[in-house]
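*Asks:* Please read through the structure below; I'll follow up with questions.
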Amino acid sequence: HKNDFQSSGEDFIELEREYTNMTSNGRVLIVDDDILILSIMNRALEMRGYEVIVTSNPHEVGDIVNSKDIDLAIVDLIMPELDGFQVFENIRVHSPELPIVFLTGRDHTETKIDALKRGAEDYIVKPFKVEEVLARIDGIMKRKSTYKFNINIDELTGAYTRKCFASKITGYLANAKAGKPVALSFMDLDKFKSINDTYGHLVGDEILKRFVVDAKTYLEFAKIFRFGGDEFLLLIENSSEEEAKEILESFREQVNGKDHKIDGIEDIIKIGLSIGLTELKPHDQVSKLLDRADKALYKAKESGRNQTVA
Ligand code: GH3
């Protein structure tokens, strides 16, 4: 079950690495039978901060794309063993979203149009200027990283998004299957609408932002996702329901104990927090899991709010 255990936590490290560009600007695969091209591009890309994987064997491409987290592929169009378009289709099967750039000696308008229509990101004709190829690749990677950032990080609060949750939950469920406890909670601010109604939407926004900052500070070992509006999901790994309940109650008390002073507002604003808690079960379906957490949250609201219900 080694892979099961590897999933979620490392995925997030990967995400954060991409956002902060700490270790690499991304991973590029180059497929070309011309060893000279491989070596020139390898060196140029590495100097630019990319991790590079090269192969002159187009039959390997499917496996590489499957096993390594590739961000972009550069593919030669004419290779003795396999046509570049076939390599392109192979990659598409394994990784439909991966940007693919053709690098080719075939300066032929119809082939170029064919490649672009199939969805190639670019079509660069040899001989090429290395600087120009690098500029094109930098552009593609920048767009890709902005796109990934935008779909995974909530713009207002900086919490992970609901989409991000959807893409990660399978990994967490695999962990549960492997016997690793994971707790999930639904949290909803109490009477949040009345903060908006009394002080305006911008003050409401500020409260949401502060709430996420506090969650990230107090619960730094957990992952917080904004599910929508004032509703958040929290995942705590290596934690049973019982342990999570203690952690969350203490967090709720911290949140509730805080006085929020906001510029231009006389009143002190307090946040109440209702929390529904459950644990991932080995054969859980996502919908069942969310349903349990949601029902617990509903109970917390019904029983008078500002409390944790498991
Ligand atoms: P309850 O304790 O029953 O949950 O009461 P509530 O007022 O919190 O009810 P509800 O959760 O339905 O209200 C959520 C409100 O959050 C309604 C919506 O206008 C507001 N809201 C949703 N998204 C945002 C946002 O991004 N910013 C602000 N300021 N308000 C938002």
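Identifiers for the structure tokens are assigned positionally: chains receive A, B, ... in sequence, residues are indexed from 1 per chain, and ligands are indexed from 1 in the order shown.
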Identify all residues of segment 55-262 of chain A in strand (DSSP E) (DSSP on the backbone) and supply them as JSON, numbers by chain.
*Replies:* {"A": [55, 72, 73, 74, 75, 76, 100, 101, 102, 103, 104, 122, 123, 124, 125, 160, 161, 182, 183, 184, 185, 186, 187, 188, 189, 223, 224, 225, 226, 227, 228, 231, 232, 233, 234, 235, 236, 237]}
*Asks:* Would you save the residues of that selection, restricted to N, CA and C atoms, as a compact mmCIF listing (two decimals), in the first residue's frame?
*Replies:*
# COMPACT_ATOMS: atom_id res chain seq x y z
N THR A 55 14.14 11.57 -23.68
CA THR A 55 14.14 10.21 -24.23
C THR A 55 14.22 10.26 -25.75
N LEU A 72 5.06 19.70 -19.21
CA LEU A 72 5.06 20.06 -20.63
C LEU A 72 5.89 19.04 -21.42
N ALA A 73 5.45 18.73 -22.64
CA ALA A 73 6.24 17.80 -23.46
C ALA A 73 6.65 18.48 -24.76
N ILE A 74 7.91 18.28 -25.13
CA ILE A 74 8.41 18.77 -26.42
C ILE A 74 8.65 17.53 -27.27
N VAL A 75 7.99 17.47 -28.42
CA VAL A 75 8.03 16.24 -29.20
C VAL A 75 8.51 16.52 -30.62
N ASP A 76 9.46 15.72 -31.07
CA ASP A 76 9.92 15.78 -32.46
C ASP A 76 8.83 15.16 -33.32
N ILE A 100 1.64 20.24 -25.22
CA ILE A 100 2.62 19.56 -26.08
C ILE A 100 3.11 20.53 -27.16
N VAL A 101 4.42 20.63 -27.29
CA VAL A 101 5.03 21.50 -28.29
C VAL A 101 5.76 20.63 -29.30
N PHE A 102 5.47 20.85 -30.58
CA PHE A 102 6.25 20.12 -31.59
C PHE A 102 7.50 20.91 -31.94
N LEU A 103 8.60 20.18 -32.05
CA LEU A 103 9.86 20.78 -32.44
C LEU A 103 10.31 19.94 -33.63
N THR A 104 10.30 20.54 -34.83
CA THR A 104 10.43 19.69 -36.01
C THR A 104 11.17 20.35 -37.17
N ASP A 122 2.18 24.51 -29.49
CA ASP A 122 3.03 25.30 -30.38
C ASP A 122 3.68 24.37 -31.40
N TYR A 123 4.20 24.97 -32.47
CA TYR A 123 4.86 24.20 -33.52
C TYR A 123 6.10 24.99 -33.92
N ILE A 124 7.25 24.49 -33.52
CA ILE A 124 8.48 25.25 -33.73
C ILE A 124 9.35 24.52 -34.75
N VAL A 125 9.81 25.27 -35.76
CA VAL A 125 10.56 24.64 -36.85
C VAL A 125 12.07 24.76 -36.60
N TYR A 160 -7.91 26.43 0.18
CA TYR A 160 -8.02 25.62 -1.03
C TYR A 160 -9.48 25.65 -1.49
N THR A 161 -9.68 25.42 -2.80
CA THR A 161 -11.04 25.49 -3.34
C THR A 161 -11.76 24.14 -3.25
N VAL A 182 -8.33 9.53 8.97
CA VAL A 182 -8.45 10.91 8.47
C VAL A 182 -9.80 11.44 8.92
N ALA A 183 -9.80 12.62 9.54
CA ALA A 183 -11.05 13.23 9.98
C ALA A 183 -11.45 14.34 9.02
N LEU A 184 -12.75 14.44 8.81
CA LEU A 184 -13.27 15.49 7.92
C LEU A 184 -14.34 16.27 8.65
N SER A 185 -14.26 17.60 8.57
CA SER A 185 -15.34 18.36 9.19
C SER A 185 -15.86 19.44 8.26
N PHE A 186 -17.12 19.70 8.40
CA PHE A 186 -17.79 20.81 7.74
C PHE A 186 -17.92 21.91 8.77
N MET A 187 -17.50 23.12 8.45
CA MET A 187 -17.62 24.22 9.41
C MET A 187 -18.39 25.36 8.74
N ASP A 188 -19.27 25.95 9.47
CA ASP A 188 -20.07 27.05 8.92
C ASP A 188 -20.16 28.16 9.96
N LEU A 189 -19.84 29.38 9.55
CA LEU A 189 -19.90 30.49 10.50
C LEU A 189 -21.36 30.72 10.90
N LYS A 223 -5.84 20.76 6.43
CA LYS A 223 -6.05 21.46 5.16
C LYS A 223 -7.44 22.06 5.19
N ILE A 224 -7.52 23.35 4.86
CA ILE A 224 -8.84 23.99 4.84
C ILE A 224 -9.25 24.34 3.42
N PHE A 225 -10.48 23.95 3.09
CA PHE A 225 -11.05 24.19 1.76
C PHE A 225 -12.28 25.05 1.92
N ARG A 226 -12.45 26.05 1.05
CA ARG A 226 -13.70 26.81 1.09
C ARG A 226 -14.71 26.09 0.20
N PHE A 227 -15.77 25.62 0.82
CA PHE A 227 -16.76 24.84 0.09
C PHE A 227 -17.73 25.75 -0.65
N GLY A 228 -17.89 26.97 -0.12
CA GLY A 228 -18.78 27.96 -0.72
C GLY A 228 -19.22 28.91 0.38
N GLU A 231 -18.96 28.47 4.29
CA GLU A 231 -18.86 27.05 4.64
C GLU A 231 -17.49 26.51 4.22
N PHE A 232 -16.84 25.84 5.17
CA PHE A 232 -15.49 25.33 4.92
C PHE A 232 -15.39 23.85 5.26
N LEU A 233 -14.47 23.17 4.58
CA LEU A 233 -14.18 21.77 4.88
C LEU A 233 -12.78 21.71 5.47
N LEU A 234 -12.62 20.89 6.47
CA LEU A 234 -11.31 20.76 7.06
C LEU A 234 -10.92 19.28 7.10
N LEU A 235 -9.75 18.98 6.62
CA LEU A 235 -9.25 17.60 6.64
C LEU A 235 -8.08 17.50 7.60
N ILE A 236 -8.19 16.57 8.53
CA ILE A 236 -7.08 16.36 9.46
C ILE A 236 -6.58 14.93 9.30
N GLU A 237 -5.35 14.81 8.85
CA GLU A 237 -4.77 13.47 8.66
C GLU A 237 -4.25 12.92 9.98
*Asks:* Within 7 Å of ligand 1, counting only C-alpha atoms and all ligand atoms, which protein or nucleic acid residues do you find, written as a PDB file with C-alpha atoms, in the first residue's frame?
*Replies:*
ATOM      1  CA  ASP A 188     -20.066  27.049   8.920  1.00  0.00           C
ATOM      2  CA  LEU A 189     -19.903  30.493  10.503  1.00  0.00           C
ATOM      3  CA  ASP A 190     -22.927  31.293  12.643  1.00  0.00           C
ATOM      4  CA  LYS A 191     -25.368  33.990  11.532  1.00  0.00           C
ATOM      5  CA  PHE A 192     -22.832  35.229   9.073  1.00  0.00           C
ATOM      6  CA  LYS A 193     -25.532  36.804   6.952  1.00  0.00           C
ATOM      7  CA  SER A 194     -26.309  39.201   9.754  1.00  0.00           C
ATOM      8  CA  ASN A 196     -23.123  41.255   6.052  1.00  0.00           C
ATOM      9  CA  HIS A 201     -20.350  42.810   2.443  1.00  0.00           C
ATOM     10  CA  LEU A 202     -16.758  44.065   2.702  1.00  0.00           C
ATOM     11  CA  VAL A 203     -16.749  43.554   6.457  1.00  0.00           C
ATOM     12  CA  GLY A 204     -18.157  40.067   5.831  1.00  0.00           C
ATOM     13  CA  ASP A 205     -15.274  39.450   3.426  1.00  0.00           C
ATOM     14  CA  GLY A 228     -18.784  27.962  -0.723  1.00  0.00           C
ATOM     15  CA  GLY A 229     -19.899  31.160   1.035  1.00  0.00           C
ATOM     16  CA  ASP A 230     -19.163  30.848   4.749  1.00  0.00           C
ATOM     17  CA  GLU A 231     -18.858  27.054   4.641  1.00  0.00           C
ATOM     18  CA  LYS A 301     -26.815  24.355  14.066  1.00  0.00           C
ATOM     19  CA  ARG A 305     -24.899  26.702  17.058  1.00  0.00           C
TER      20      ARG A 305
END
*Asks:* Please list as a ChimeraX atom specification every residue within 10 Å of Leu280 of chain A, counting only C-alpha atoms and excluding residues in the same chain fewer than 4 positions away.
*Replies:* /A:169,172-177,180-184,235,237,240-241,284-286,288-290,292
*Asks:* Could you give me, as a PyMOL selection string, the residues within 8 Å of segment 91-95 of chain A, counting only C-alpha atoms and dropping anything in the same chain fewer than 6 positions from it?
*Replies:* chain A and resi 61-62+65-66
*Asks:* As number ranges by chain, please: all residues of segment 40-248 of chain A that backbone DSSP puts in alpha helix (DSSP H).
*Replies:* A: 40-47, 61-67, 84-94, 109-118, 130-152, 162-177, 192-199, 201-218, 241-248
*Asks:* Write a file of the just-selected residues containing C-alpha atoms, as a CSV table (one decimal), in the first residue's frame.
*Replies:*
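This is the output file out-v1.csv:
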chain,number,residue,atom,x,y,z
A,40,ILE,CA,21.1,21.4,-26.3
A,41,MET,CA,17.5,21.6,-25.0
A,42,ASN,CA,18.3,19.7,-21.9
A,43,ARG,CA,21.1,22.1,-20.9
A,44,ALA,CA,19.1,25.2,-21.8
A,45,LEU,CA,16.0,24.2,-19.9
A,46,GLU,CA,18.0,23.1,-16.8
A,47,MET,CA,19.8,26.5,-16.8
A,61,VAL,CA,6.6,8.2,-23.5
A,62,GLY,CA,3.3,6.7,-22.2
A,63,ASP,CA,5.1,5.2,-19.2
A,64,ILE,CA,7.0,8.4,-18.4
A,65,VAL,CA,3.9,10.6,-18.6
A,66,ASN,CA,2.1,8.1,-16.4
A,67,SER,CA,4.7,7.8,-13.7
A,84,GLY,CA,5.3,12.4,-33.6
A,85,PHE,CA,1.6,12.6,-34.1
A,86,GLN,CA,1.3,9.0,-32.7
A,87,VAL,CA,3.4,10.1,-29.7
A,88,PHE,CA,1.1,13.1,-29.4
A,89,GLU,CA,-2.0,10.8,-29.3
A,90,ASN,CA,-0.3,8.5,-26.8
A,91,ILE,CA,0.4,11.4,-24.5
A,92,ARG,CA,-3.2,12.6,-24.9
A,93,VAL,CA,-4.5,9.2,-23.7
A,94,HIS,CA,-2.5,9.4,-20.5
A,109,THR,CA,2.1,24.8,-43.4
A,110,GLU,CA,-0.5,22.0,-43.6
A,111,THR,CA,1.3,19.8,-41.1
A,112,LYS,CA,1.6,22.8,-38.8
A,113,ILE,CA,-2.2,23.6,-39.1
A,114,ASP,CA,-2.9,19.9,-38.5
A,115,ALA,CA,-0.8,19.9,-35.3
A,116,LEU,CA,-2.4,23.1,-34.0
A,117,LYS,CA,-5.9,21.9,-34.8
A,118,ARG,CA,-5.2,18.7,-32.8
A,130,VAL,CA,17.1,28.5,-28.3
A,131,GLU,CA,16.2,31.8,-26.6
A,132,GLU,CA,12.9,31.9,-28.6
A,133,VAL,CA,12.0,28.3,-27.7
A,134,LEU,CA,12.7,29.1,-24.0
A,135,ALA,CA,10.5,32.2,-24.2
A,136,ARG,CA,7.7,30.2,-25.6
A,137,ILE,CA,8.0,27.5,-23.0
A,138,ASP,CA,8.2,30.0,-20.2
A,139,GLY,CA,5.0,31.6,-21.4
A,140,ILE,CA,3.2,28.2,-21.5
A,141,MET,CA,4.4,27.3,-18.0
A,142,LYS,CA,3.4,30.6,-16.6
A,143,ARG,CA,-0.1,30.3,-18.0
A,144,LYS,CA,-0.3,26.8,-16.7
A,145,SER,CA,0.8,27.7,-13.2
A,146,THR,CA,-1.6,30.7,-13.0
A,147,TYR,CA,-4.4,28.5,-14.2
A,148,LYS,CA,-3.6,25.8,-11.6
A,149,PHE,CA,-3.3,28.4,-8.9
A,150,ASN,CA,-6.6,29.9,-9.8
A,151,ILE,CA,-8.5,26.6,-9.7
A,152,ASN,CA,-6.9,25.4,-6.5
A,162,ARG,CA,-13.9,23.0,-3.6
A,163,LYS,CA,-12.4,21.9,-6.9
A,164,CYS,CA,-9.1,21.2,-5.2
A,165,PHE,CA,-11.0,19.1,-2.6
A,166,ALA,CA,-12.6,17.1,-5.3
A,167,SER,CA,-9.3,16.4,-6.9
A,168,LYS,CA,-7.6,15.3,-3.6
A,169,ILE,CA,-10.3,13.4,-1.8
A,170,THR,CA,-9.6,10.1,-3.7
A,171,GLY,CA,-6.1,10.1,-2.3
A,172,TYR,CA,-7.4,10.6,1.2
A,173,LEU,CA,-9.9,7.8,0.8
A,174,ALA,CA,-7.1,5.6,-0.4
A,175,ASN,CA,-5.3,6.5,2.9
A,176,ALA,CA,-8.4,5.5,4.9
A,177,LYS,CA,-8.4,2.2,3.0
A,192,PHE,CA,-22.8,35.2,9.1
A,193,LYS,CA,-25.5,36.8,7.0
A,194,SER,CA,-26.3,39.2,9.8
A,195,ILE,CA,-22.7,40.4,9.7
A,196,ASN,CA,-23.1,41.3,6.1
A,197,ASP,CA,-26.5,42.8,6.7
A,198,THR,CA,-25.3,44.9,9.6
A,199,TYR,CA,-21.9,46.0,8.5
A,201,HIS,CA,-20.3,42.8,2.4
A,202,LEU,CA,-16.8,44.1,2.7
A,203,VAL,CA,-16.7,43.6,6.5
A,204,GLY,CA,-18.2,40.1,5.8
A,205,ASP,CA,-15.3,39.5,3.4
A,206,GLU,CA,-12.8,40.6,6.0
A,207,ILE,CA,-14.2,38.2,8.6
A,208,LEU,CA,-14.0,35.3,6.2
A,209,LYS,CA,-10.3,36.2,5.5
A,210,ARG,CA,-9.5,36.4,9.2
A,211,PHE,CA,-11.2,33.2,9.9
A,212,VAL,CA,-9.1,31.4,7.3
A,213,VAL,CA,-5.9,33.0,8.6
A,214,ASP,CA,-6.8,31.7,12.0
A,215,ALA,CA,-7.6,28.3,10.8
A,216,LYS,CA,-4.2,28.1,9.0
A,217,THR,CA,-2.4,29.3,12.1
A,218,TYR,CA,-4.1,27.2,14.7
A,241,GLU,CA,-12.9,11.4,15.0
A,242,GLU,CA,-12.3,11.5,18.8
A,243,GLU,CA,-8.9,13.3,18.5
A,244,ALA,CA,-10.3,15.6,15.9
A,245,LYS,CA,-13.2,16.6,18.1
A,246,GLU,CA,-10.8,17.8,20.8
A,247,ILE,CA,-8.7,19.7,18.3
A,248,LEU,CA,-11.8,21.3,16.7
*Asks:* Take atom CA of Gly26 of chain A and atom CA of Ile70 of chain A and report the distance between them in Å, one decimal.
*Replies:* 7.7 Å
*Asks:* May I ask which of the residues A:Ser24, A:Asn306, A:Thr157, A:Asn256 is the closest one to Ile271 of chain A, counting only C-alpha atoms?
*Replies:* A:Asn256
*Asks:* Could you check how far atom CA of Asn57 of chain A sits from atom CA of Asp107 of chain A, in Å to one decimal?
*Replies:*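 Atom CA of Asp107 of chain A lies 23.0 Å from atom CA of Asn57 of chain A.
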*Asks:* What is the atom CA of Glu121 of chain A-atom CA of His108 of chain A distance in Å, reported with one decimal?
*Replies:* 16.8 Å
